[in-house]
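**Q** Here it is, the structure in full.
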Amino acid sequence: MLSEADPSQLLLRAREGDTGAREELIRRFTPFILAVVSRVTGHFIRLGEDDEASVGLMAFNEAIDSFRPGGGANFLTLAETIIRRRLIDYFRREGRHRQVLSLQTLDNETAAALDSQVEEEINLVNELADRRREIERYREELASFGITFKDLVKATPQHRDARDRALAAARVVADNPLFRRYLTEHKTLPLKALEQSLDTSRKTLERHRKYIIAAAVMLMGDYEYLADYIGHSKGSGRNG
């Protein structure tokens, strides 16, 4: 569903001609657009009441088409630049540029609020993009062990105590240099040694093998966002 897609997905689909994705992206970032327009004009802009709001929306739409993924530019930074340019064009056409107030004429509290809103929107998109890249990197690393996300869903223990035991096994692997090396080189668990370290049956370890490997890979790698899903605090279970 479009409402559940992250902004980077919506942006890609919008650029490919998906009208629904474009509309959802614009809808989701309307607060950002209005914040930028408010900063330029020096007063709060309301959708449906101020012409400048329409200019900002059209400029954001233009930014979607102008953005080049992989070009090194941040999308929201580009969007803000285009919004500013189109507003300047608008003021010149309307002969109203002298009436535009500088951002400095705003009281400090209002200016800070607008700056904070824009910064928050940019940080959100950057974080979502980072999460997406991290998921893709994790998918590729799991593939080297012959594990897919679909496999991982099926392999996840259904009961809480079983998951906790599997995660405990993964942490033992991640914390032990010899076990880590074995996993990395052989692409499987050192079952005999792990069985002795955990006092857990080999059958149990084999049953949850894919889940333990996936968790250990996550703990061993630099997966800042994904590690939160298994209750892993940054810094532990990593290579020292």
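Naming works like this for the structure tokens: A, B, ... for the chains as they're shown, residue 1 at the start of each chain, ligands 1 onward in shown order.
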Quick one: everything within 6 Å of region 205-218 of chain A, counting only C-alpha atoms, minus sequence neighbours fewer than 3 positions away in the same chain. Send it as a ChimeraX atom specification.

**A** /A:155-156,166,170,174,202,221

**Q** Identify all residues of region 8-78 of chain A in alpha helix (DSSP H) (DSSP on the backbone) and supply them as a ChimeraX atom specification.

**A** /A:8-15,19-28,30-41,51-66,75-78

**Q** Contacts of Glu23 (chain A) at 12 Å or less, counting only C-alpha atoms, minus same-chain residues fewer than 2 places along, as a VMD selection string?

**A** chain A and resid 2 to 3 7 10 to 11 13 to 15 17 to 21 25 to 30 57 to 58 60 to 61 64

**Q** Here is a test: counting only C-alpha atoms, which residue of A:Glu49, A:Glu185, A:Asp130, A:Glu80 is nearest to Tyr225 (chain A)?

**A** A:Asp130

**Q** Which distance in Å separates CA of Asp222 (chain A) and CA of Leu178 (chain A), to one decimal?

**A**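 Taking CA of Asp222 (chain A) and CA of Leu178 (chain A), their separation equals 19.3 Å.
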
**Q** For the atom pair CA of Arg165 (chain A) and CA of Thr184 (chain A), what is the interatomic distance in Å to one decimal place?

**A**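 CA of Thr184 (chain A) lies 21.5 Å from CA of Arg165 (chain A).
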
**Q** Looking at A:Ile45, A:Ala59, A:Val37, A:Ala193, which one is nearest to Asn176 (chain A), with distances taken over only C-alpha atoms?

**A** A:Ala193

**Q** When you draw a straight line from CA of Phe179 (chain A) to CA of Arg131 (chain A), how long is it in Å?

**A**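 Pair CA of Phe179 (chain A) / CA of Arg131 (chain A) returns 28.0 Å.
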
**Q** For each of A:Arg22, A:Leu194, A:Phe32, A:Ser8, take the minimum atom-to-atom distance to Phe75 (chain A), counting only C-alpha atoms, then give the residue where this is smallest.

**A**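 Nearest to Phe75 (chain A): A:Ser8.
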